[in-house]
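Student: Sending over target39.txt (compact mmCIF, C-alpha atoms).
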# COMPACT_ATOMS: atom_id res chain seq x y z
CA VAL A 223 105.52 107.90 86.89
CA SER A 224 108.95 108.65 85.38
CA HIS A 225 110.05 110.88 88.25
CA ASP A 226 109.65 107.96 90.62
CA LYS A 227 112.02 105.85 88.54
CA LEU A 228 114.60 108.59 88.92
CA GLY A 229 114.08 108.55 92.66
CA GLU A 230 112.79 112.12 92.59
CA LYS A 231 110.06 111.60 95.15
CA GLU A 232 109.23 115.23 95.83
CA GLU A 233 108.90 116.03 92.12
CA SER A 234 106.78 112.94 91.64
CA PHE A 235 104.42 114.01 94.44
CA THR A 236 104.15 117.48 92.89
CA CYS A 237 103.08 116.00 89.57
CA LEU A 238 100.53 113.70 91.19
CA ASP A 239 99.12 116.51 93.31
CA LYS A 240 98.75 118.67 90.21
CA ALA A 241 96.91 115.84 88.44
CA ILE A 242 94.56 115.50 91.41
CA VAL A 243 93.95 119.26 91.57
CA PHE A 244 93.33 119.39 87.82
CA ASN A 245 90.82 116.58 88.06
CA CYS A 246 90.02 115.20 91.52
CA LYS A 247 88.12 112.41 89.80
CA PHE A 248 91.39 111.07 88.37
CA SER A 249 91.46 107.92 90.48
CA ASP A 250 94.70 106.66 88.95
CA ALA A 251 96.49 109.73 90.32
CA TRP A 252 95.15 108.94 93.81
CA TYR A 253 96.32 105.35 93.40
CA ALA A 254 99.75 106.42 92.16
CA LYS A 255 100.18 108.77 95.11
CA GLY A 256 99.07 105.98 97.41
CA GLU A 257 101.70 103.70 95.89
CA GLU A 258 104.41 106.31 96.47
CA LEU A 259 103.36 106.59 100.12
CA PHE A 260 103.15 102.80 100.43
CA GLN A 261 106.75 102.44 99.23
CA MET A 262 107.81 105.04 101.81
CA GLY A 263 106.07 103.17 104.63
CA GLU A 264 103.51 105.96 105.10
CA TYR A 265 100.69 103.46 105.48
CA GLU A 266 97.97 105.65 106.99
CA GLU A 267 98.36 108.24 104.23
CA ALA A 268 98.56 105.56 101.54
CA ILE A 269 95.26 104.08 102.72
CA LYS A 270 93.61 107.52 102.49
CA CYS A 271 94.74 107.85 98.88
CA TYR A 272 93.60 104.35 97.97
CA ASP A 273 90.19 105.01 99.52
CA LYS A 274 89.88 108.29 97.65
CA GLY A 275 90.58 106.45 94.43
CA PHE A 276 87.97 103.80 95.28
CA GLU A 277 85.47 106.55 96.01
CA TRP A 278 85.86 108.16 92.61
CA GLU A 279 85.88 104.83 90.77
CA SER A 280 82.51 103.96 92.29
CA ARG A 281 81.10 107.34 91.29
CA ILE A 282 82.20 107.37 87.66
CA GLY A 283 82.12 103.64 86.92
CA TYR A 284 85.82 103.43 86.09
CA VAL A 285 87.97 100.42 87.02
CA SER A 286 91.75 100.82 87.10
CA THR A 287 93.87 98.15 85.43
CA GLN A 288 95.90 98.09 88.66
CA ILE A 289 92.92 97.53 90.96
CA ARG A 290 94.10 94.08 92.14
CA ASP A 291 97.46 95.53 93.16
CA ILE A 292 95.77 98.41 94.99
CA TRP A 293 93.62 96.08 97.12
CA HIS A 294 96.67 93.89 97.72
CA ASN A 295 98.82 96.79 98.90
CA LYS A 296 96.04 98.27 101.00
CA GLY A 297 95.88 94.93 102.80
CA ILE A 298 99.62 95.09 103.48
CA CYS A 299 99.24 98.63 104.84
CA LEU A 300 96.42 97.60 107.16
CA SER A 301 98.34 94.57 108.38
CA ALA A 302 101.39 96.74 109.11
CA LEU A 303 99.08 98.91 111.22
CA HIS A 304 97.81 95.80 113.08
CA ARG A 305 94.34 96.15 111.53
CA ASN A 306 94.37 92.52 110.45
CA GLU A 307 90.65 91.83 110.17
CA GLU A 308 90.36 94.71 107.70
CA ALA A 309 93.54 93.57 105.96
CA LEU A 310 92.06 90.12 105.46
CA LYS A 311 89.07 91.59 103.64
CA CYS A 312 91.42 93.43 101.28
CA SER A 313 93.39 90.25 100.59
CA ASP A 314 90.16 88.40 99.85
CA LYS A 315 89.18 91.17 97.44
CA ALA A 316 92.56 90.97 95.68
CA ILE A 317 92.27 87.17 95.37
CA LYS A 318 88.73 87.43 94.01
CA LEU A 319 89.98 89.81 91.31
CA ASP A 320 92.86 87.49 90.37
CA PRO A 321 93.31 84.18 92.21
CA THR A 322 96.48 83.32 90.22
CA LYS A 323 98.76 85.81 92.00
CA PRO A 324 100.94 84.01 94.59
CA ASP A 325 101.72 87.22 96.50
CA SER A 326 98.03 87.61 97.40
CA TRP A 327 97.92 84.13 98.89
CA TYR A 328 101.21 84.73 100.73
CA VAL A 329 99.96 87.95 102.31
CA LYS A 330 96.64 86.36 103.25
CA GLY A 331 98.57 83.48 104.84
CA ARG A 332 100.66 85.89 106.88
CA ILE A 333 97.57 87.69 108.11
CA HIS A 334 95.91 84.42 109.18
CA PHE A 335 99.17 83.47 110.93
CA THR A 336 99.19 86.78 112.82
CA LEU A 337 95.57 86.18 113.85
CA GLY A 338 96.48 82.73 115.18
CA GLU A 339 94.46 81.00 112.45
CA TYR A 340 97.16 78.47 111.64
CA GLU A 341 95.29 75.98 109.47
CA GLU A 342 93.94 78.78 107.27
CA ALA A 343 97.44 80.26 107.09
CA LEU A 344 98.93 76.93 106.02
CA THR A 345 96.33 76.52 103.28
CA CYS A 346 97.15 79.98 101.89
CA LEU A 347 100.91 79.46 102.01
CA ASP A 348 100.58 76.10 100.28
CA LYS A 349 98.55 77.82 97.56
CA ALA A 350 101.22 80.50 97.15
CA ILE A 351 103.89 77.80 96.77
CA GLU A 352 101.71 75.84 94.35
CA LEU A 353 101.41 78.94 92.15
CA ASP A 354 105.10 79.80 92.48
CA PRO A 355 107.43 77.08 93.82
CA THR A 356 110.26 79.65 93.86
CA ASP A 357 108.45 81.93 96.34
CA LYS A 358 111.18 82.07 98.99
CA GLU A 359 109.13 84.19 101.39
CA ALA A 360 106.29 81.66 101.32
CA TRP A 361 108.68 78.77 102.03
CA HIS A 362 110.20 80.70 104.94
CA GLU A 363 106.81 81.65 106.35
CA LYS A 364 105.56 78.08 106.02
CA GLY A 365 108.61 76.83 107.90
CA THR A 366 108.00 79.36 110.67
CA LEU A 367 104.35 78.31 110.87
CA LEU A 368 105.21 74.61 111.00
CA THR A 369 107.66 75.34 113.82
CA LYS A 370 104.81 77.01 115.68
CA LEU A 371 102.77 73.84 115.13
CA ASP A 372 105.66 71.68 116.47
CA GLU A 373 106.12 70.12 113.01
CA TYR A 374 109.87 70.58 113.19
CA GLU A 375 111.02 68.04 110.59
CA GLU A 376 108.66 69.48 107.98
CA ALA A 377 109.70 72.99 108.99
CA LEU A 378 113.35 72.12 108.32
CA LYS A 379 112.50 71.10 104.76
CA CYS A 380 110.87 74.48 104.20
CA PHE A 381 113.81 76.37 105.66
CA ASP A 382 116.25 74.43 103.47
CA LYS A 383 114.20 75.36 100.41
CA ALA A 384 114.12 79.03 101.47
CA ILE A 385 117.89 79.05 102.06
CA GLU A 386 118.37 77.68 98.57
CA LEU A 387 116.22 80.46 97.08
CA PHE A 388 117.16 83.57 99.09
CA PRO A 389 119.79 85.73 97.37
CA LYS A 390 120.13 88.46 100.01
CA GLN A 391 122.42 87.76 102.92
CA HIS A 392 120.43 89.47 105.68
CA LYS A 393 117.24 87.72 104.57
CA LYS A 394 118.99 84.37 104.38
CA ALA A 395 120.41 84.95 107.88
CA LYS A 396 116.86 85.05 109.28
CA VAL A 397 116.12 81.68 107.70
CA TRP A 398 119.27 80.16 109.20
CA ILE A 399 118.16 81.45 112.62
CA ASN A 400 114.71 79.90 112.28
CA LYS A 401 116.22 76.64 111.07
CA GLY A 402 118.46 76.66 114.14
CA VAL A 403 115.47 77.21 116.42
CA ALA A 404 113.69 74.20 114.88
CA LEU A 405 116.81 72.05 115.32
CA GLY A 406 117.06 73.17 118.93
CA GLU A 407 113.48 72.07 119.54
CA LEU A 408 114.51 68.64 118.27
CA GLY A 409 117.40 68.58 120.74
CA ARG A 410 119.96 68.87 117.94
CA ASN A 411 121.83 71.72 119.61
CA LYS A 412 125.18 71.19 117.85
CA ASP A 413 123.44 71.44 114.48
CA ALA A 414 121.48 74.45 115.73
CA LEU A 415 124.74 76.12 116.76
CA LYS A 416 126.09 75.72 113.22
CA CYS A 417 122.98 77.48 111.90
CA PHE A 418 123.40 80.42 114.27
CA ASP A 419 127.09 80.68 113.33
CA LYS A 420 126.08 80.78 109.66
CA ALA A 421 123.53 83.51 110.39
CA ILE A 422 126.19 85.57 112.20
CA GLU A 423 128.58 85.06 109.28
CA LEU A 424 125.93 86.47 106.94
CA ASP A 425 124.84 89.29 109.26
CA PRO A 426 127.07 89.93 112.31
CA THR A 427 124.62 92.58 113.58
CA ASP A 428 121.63 90.27 113.90
CA LYS A 429 120.63 90.28 117.57
CA ASP A 430 118.49 87.14 117.31
CA ALA A 431 121.42 85.16 115.97
CA TRP A 432 123.62 86.06 118.94
CA LYS A 433 120.84 85.44 121.45
CA ASN A 434 119.97 82.04 120.03
CA LYS A 435 123.63 81.08 119.76
CA GLY A 436 123.91 81.85 123.48
CA VAL A 437 120.93 79.63 124.21
CA ALA A 438 122.39 76.76 122.19
CA LEU A 439 125.79 77.07 123.87
CA ASP A 440 124.15 77.14 127.30
CA LYS A 441 122.26 73.93 126.50
CA LEU A 442 125.58 72.36 125.45
CA GLY A 443 127.12 73.31 128.80
CA GLU A 444 129.42 75.97 127.33
CA HIS A 445 128.27 78.62 129.77
CA GLU A 446 131.17 81.09 129.46
CA GLU A 447 130.86 81.18 125.68
CA ALA A 448 127.11 81.55 126.06
CA LEU A 449 127.59 84.60 128.29
CA LYS A 450 129.81 86.21 125.63
CA CYS A 451 127.02 85.78 123.11
CA PHE A 452 124.44 87.25 125.46
CA ASP A 453 126.77 90.22 126.06
CA ARG A 454 127.05 90.74 122.30
CA TRP A 455 123.26 90.50 121.99
CA ARG A 456 122.85 93.25 124.59
CA GLU A 457 125.41 95.46 122.83
CA LEU A 458 123.57 95.41 119.52
Could you write out this file's structure as structure tokens?
Tutor:
Amino acid sequence: VSHDKLGEKEESFTCLDKAIVFNCKFSDAWYAKGEELFQMGEYEEAIKCYDKGFEWESRIGYVSTQIRDIWHNKGICLSALHRNEEALKCSDKAIKLDPTKPDSWYVKGRIHFTLGEYEEALTCLDKAIELDPTDKEAWHEKGTLLTKLDEYEEALKCFDKAIELFPKQHKKAKVWINKGVALGELGRNKDALKCFDKAIELDPTDKDAWKNKGVALDKLGEHEEALKCFDRWREL
């Protein structure tokens, strides 16, 4: 939809609505509207559009070329709404349609992680990394999962790989924080402190970085400096 590329959301919606009114069986228009809503974070409304598209596809025997992406994004919407069991079914559908897409495996891994199904999550994240070794989000998520499993040394390797791959500062700051947490669990509080300082350098407004820096300083006996960090955390 060219209007979308121009950032003209309202005009884009008008065109899609006209296409739907002209032919309500035009499932691609429902999908396109759903994608617009998905990008805006309007997950409930996006799901309604996706489902309307599925309904018409089943009636007329048409299959969109974007059907894998639609199932994938519907799963993300459902997960964002904490409907993770339903989201998992969508991820499975997307993977069945095309098992070579690393983003499907990554999303499925995140859903399993949220559900507390850690072994299943690890299998999915490993598959995502196997399909795309440059998948920074998968490396980060795997590191976070391994930290949860008390596999701190292995988690650090994942965080280092994610740090190497992340281009955006605020995203990279989150990885530095999680690396610092893993180091703290290993009792390496001075190294953890360096990680939290790096995260603050990248994003001075990150509350978690200030809070965790305070914790590290407190463990190192630097209580006054720790209190300053906790004060900053409360201010943000």
Student: What's the 9 Å shell around Asp430 of chain A, counting only C-alpha atoms, without same-chain residues fewer than 5 positions away, as a VMD selection string?
Tutor: chain A and resid 396 399 418 435 455
Student: Using all atoms listed in the file for the distances, tell me which of A:Lys412, A:Arg290, A:Lys296, A:Lys393 is nearest to Gly263 of chain A.
Tutor: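 With all atoms listed in the file as the atom set, the closest residue is A:Lys296.
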Student: With a distance cut-off of 12 Å and only C-alpha atoms, select the neighbouring residues of Leu387 of chain A, excluding the residue or stretch itself and same-chain residues fewer than 4 positions from it, and output the selection as a list in words.
Tutor: Pro355, Thr356, Asp357, Lys358, Glu359, Ala360, Trp361, His362, Cys380, Phe381, Asp382, Lys383, Gln391, Lys393, Lys394 and Val397 of chain A
Student: Using only C-alpha atoms, which residue out of A:Leu449, A:Ala395, A:Leu405, A:Ala268 lies closest to Ala431 of chain A?
Tutor: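 Checking each of A:Leu449, A:Ala395, A:Leu405, A:Ala268 against Ala431 of chain A, counting only C-alpha atoms, the winner is A:Ala395.
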Student: Atom CA of Arg410 of chain A and atom CA of Asp428 of chain A are how many Å apart?
Tutor: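 Straight-line distance from atom CA of Arg410 of chain A to atom CA of Asp428 of chain A works out to 21.8 Å.
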Student: State, in Å with one decimal place, the distance from atom CA of Trp293 of chain A to atom CA of Asp325 of chain A.
Tutor: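 Rounded to one decimal, the two atoms are 12.0 Å apart.
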Student: What's the separation between atom CA of Leu300 of chain A and atom CA of Leu353 of chain A, in Å to one decimal place?
Tutor: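 Value for the atom CA of Leu300 of chain A-atom CA of Leu353 of chain A distance: 24.5 Å.
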Student: Could you name the residues that touch Tyr265 of chain A at 12 Å or less, counting all atoms listed in the file, but leaving out those on the same chain fewer than 5 positions away, as a PyMOL selection string?
Tutor: chain A and resi 255-260+270-272+295-305
Student: Taking into account all atoms listed in the file, which residue in the set A:Leu367, A:Asp354, A:Pro321, A:Ala309 is nearest to Phe335 of chain A?
Tutor: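 Going through A:Leu367, A:Asp354, A:Pro321, A:Ala309 one by one, the smallest distance to Phe335 of chain A is for A:Leu367.
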Student: Considering all atoms listed in the file, return as a list in words whatever protein or nucleic-acid residues lie within 12 Å of segment 337-342 of chain A, sequence-local ones (same chain, fewer than 5 positions apart) excluded.
Tutor: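 Surrounding residues, per the criterion: Ser301, His304, Arg305, Asn306, Glu307, Glu308, Ala309, Leu310, Trp327, Tyr328, Lys330, Gly331, Arg332, Leu347, Asp348, Lys349, Glu363, Lys364, Thr366, Leu367, Leu368, Thr369, Lys370, Leu371 and Asp372 of chain A.
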Student: For Leu442 of chain A, list every protein, DNA or RNA residue within 12 Å, evaluated using all atoms listed in the file, and leave out those in the same chain fewer than 4 positions away; present the list as a tab-separated table (two decimals) with C-alpha atoms, in the frame of the given file.
Tutor:
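So part05.tsv came out as:
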chain	number	residue	atom	x	y	z
A	406	GLY	CA	117.06	73.17	118.93
A	409	GLY	CA	117.40	68.58	120.74
A	410	ARG	CA	119.96	68.87	117.94
A	411	ASN	CA	121.83	71.72	119.61
A	412	LYS	CA	125.18	71.19	117.85
A	413	ASP	CA	123.44	71.44	114.48
A	414	ALA	CA	121.48	74.45	115.73
A	415	LEU	CA	124.74	76.12	116.76
A	435	LYS	CA	123.63	81.08	119.76
A	436	GLY	CA	123.91	81.85	123.48
A	437	VAL	CA	120.93	79.63	124.21
A	438	ALA	CA	122.39	76.76	122.19
A	446	GLU	CA	131.17	81.09	129.46
A	447	GLU	CA	130.86	81.18	125.68
A	448	ALA	CA	127.11	81.55	126.06
Student: Determine the nearest neighbour of Ala316 of chain A from the options A:Cys417, A:Thr336, A:Phe452, A:Ile292, counting all atoms listed in the file.
Tutor: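 Looking at the shortest contact to Ala316 of chain A, the residue is A:Ile292.
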Student: Which of these residues is nearest to Glu352 of chain A, using all atoms listed in the file: A:Ser249, A:Leu378, A:Lys323, A:His334?
Tutor: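 That would be A:Lys323, the residue with the smallest distance to Glu352 of chain A.
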Student: Segment 268-275 of chain A, all listed atoms, 3 Å padding on each side: what axis-aligned box centre and edge lengths in Å to one decimal come out, as lines of an AutoDock Vina configuration file?
Tutor:
center_x = 94.2
center_y = 106.2
center_z = 98.6
size_x = 14.7
size_y = 10.2
size_z = 14.3
